[in-house]
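Notes follow the structure.
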Amino acid sequence: MKLDSMYQEIILDHYRNPHGKGLRAGDAEVHHVNPTCGDEITLRVRLEGATVADVSYESQGCSISQASASVLNDLVVGKSVGDAQAVQEAFLELMQSKGQGEGDEEVLEDAVAFAGVSKYPARVKCALLSWMAWKDATAKALAEQPAIND
């Protein structure tokens, strides 16, 4: 039970002290809503070449959705788009594990704290809200980048 308590503290810390909150300039913006509970996020991505330079957002909702957006910011900013997408896939896999997965702490860092959330299908959508918004915003930003001619 000590591990569960530690994970709850990580989630609450990200909820109380969110990283990346507040919209800043970006290459693409998306707005997602969780129709189940009403949580919302407007998320912007800024790329510098193939690197995620910034992720900023404004959101409202439960502690899980808010903390997940903060953890997302920590995990993808500064990484190549490919590496950030690999982290997103690892988080998605953890959330789809139905409580059976633990997640790779070296890849997911604080995001492993959401392992217990995967037991509750309604809460999985909360945890994934910002990640799906990031995925869509990144795809949009990549599509809008000018083609590089050889």
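In the structure tokens, chains take the letters A, B, ... in the order shown, each chain's residues start at 1, and ligands count up from 1 in the order shown.
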
- Query: Counting only C-alpha atoms, what is within 9 Å of Gly38 of chain A, bar same-chain residues fewer than 4 positions away, as number ranges by chain?
  - Reply: A: 33-34, 60-61

- Item | Within 9 Å of Arg24 of chain A using only C-alpha atoms, minus same-chain residues under 4 positions, as a ChimeraX atom specification | /A:44-46,54-57

- Message: Can you tell me which residues surround Leu129 of chain A at a distance of at most 8 Å, considering only C-alpha atoms, apart from same-chain residues fewer than 2 positions away, and format the answer as a ChimeraX atom specification?
- Response: /A:32-34,40-41,65,125-127,131-133

If you run DSSP on this backbone, which residues of chain A come out as strand (DSSP E), and could you give them as a compact mmCIF listing (two decimals) with C-alpha atoms, in the first residue's frame?
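The file below, part.txt, is the result:
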# COMPACT_ATOMS: atom_id res chain seq x y z
CA ALA A 28 -0.98 23.77 -33.69
CA GLU A 29 -3.88 23.87 -31.23
CA VAL A 30 -6.60 21.35 -30.46
CA HIS A 31 -9.50 21.26 -28.02
CA HIS A 32 -10.64 17.95 -26.56
CA VAL A 33 -13.52 17.16 -24.24
CA GLU A 40 -11.67 19.71 -21.20
CA ILE A 41 -8.28 20.71 -22.52
CA THR A 42 -7.05 23.18 -25.10
CA LEU A 43 -3.51 22.18 -25.95
CA ARG A 44 -0.82 23.77 -28.12
CA VAL A 45 2.32 22.16 -29.49
CA ARG A 46 5.36 24.02 -30.76
CA LEU A 47 7.94 22.12 -32.75
CA GLU A 48 11.47 23.11 -33.65
CA THR A 51 11.85 18.32 -31.61
CA VAL A 52 8.93 19.06 -29.29
CA ALA A 53 9.93 22.54 -28.16
CA ASP A 54 6.88 23.27 -26.02
CA VAL A 55 3.51 21.92 -24.93
CA SER A 56 1.16 24.37 -23.27
CA TYR A 57 -2.45 23.99 -22.23
CA GLU A 58 -5.48 25.34 -20.44
CA SER A 59 -7.72 22.74 -18.90
CA GLN A 60 -10.40 22.04 -16.37

- Message: Can you pull out every residue from segment 3-117 of chain A that DSSP, working from the backbone, puts in alpha helix (DSSP H), and format the result as a ChimeraX atom specification?
- Response: /A:3-16,63-76,81-95,105-108

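Here the question is which of A:Glu109, A:Asp27, A:Glu102, A:Asp136 gets nearest to Val87 of chain A using only C-alpha atoms, and that residue is A:Glu109.
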
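Reported to one decimal place, the separation of atom CA of Ala115 of chain A from atom CA of Gln96 of chain A is 9.6 Å.
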
- Item | Contacts of Tyr15 of chain A within 10 Å, only C-alpha atoms, excl. fewer than 3 positions in-chain, as a PyMOL selection string | chain A and resi 9-12+18-19+62-71

Can I get the selected residues back with C-alpha atoms, as a compact mmCIF listing (two decimals), in the first residue's frame?
# COMPACT_ATOMS: atom_id res chain seq x y z
CA GLU A 9 1.09 11.93 -3.84
CA ILE A 10 2.78 12.22 -7.26
CA ILE A 11 -0.61 12.76 -8.93
CA LEU A 12 -1.67 15.31 -6.30
CA PRO A 18 1.05 21.85 -12.89
CA HIS A 19 3.93 21.99 -15.35
CA CYS A 62 -10.50 16.24 -12.20
CA SER A 63 -7.12 15.81 -10.54
CA ILE A 64 -6.29 12.85 -12.79
CA SER A 65 -6.78 14.73 -16.06
CA GLN A 66 -4.98 17.80 -14.72
CA ALA A 67 -2.02 15.84 -13.34
CA SER A 68 -1.75 13.79 -16.51
CA ALA A 69 -1.36 16.97 -18.60
CA SER A 70 1.43 18.13 -16.28
CA VAL A 71 3.24 14.79 -16.54

- Message: as a ChimeraX atom specification, please: the residues near Lys119 of chain A (cut-off 10 Å, only C-alpha atoms, same-chain neighbours under 5 positions excluded).
- Response: /A:95-101,114,124

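If you look at atom CA of Val112 of chain A and atom CA of Tyr7 of chain A, they are 7.8 Å away from each other.
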
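Distance annotation: of A:Asp13, A:Glu93, A:Asp74, A:Glu106, the residue with the minimal separation from Leu128 of chain A is A:Glu93; atom set is only C-alpha atoms.
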
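A straight line drawn from atom CA of Ala113 of chain A to atom CA of Thr36 of chain A is 22.4 Å long.
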
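Take the candidates A:Ala137, A:Glu144, A:Gly78, A:Gly116 and check each one against Asp4 of chain A using only C-alpha atoms; the shortest distance goes to A:Gly116.
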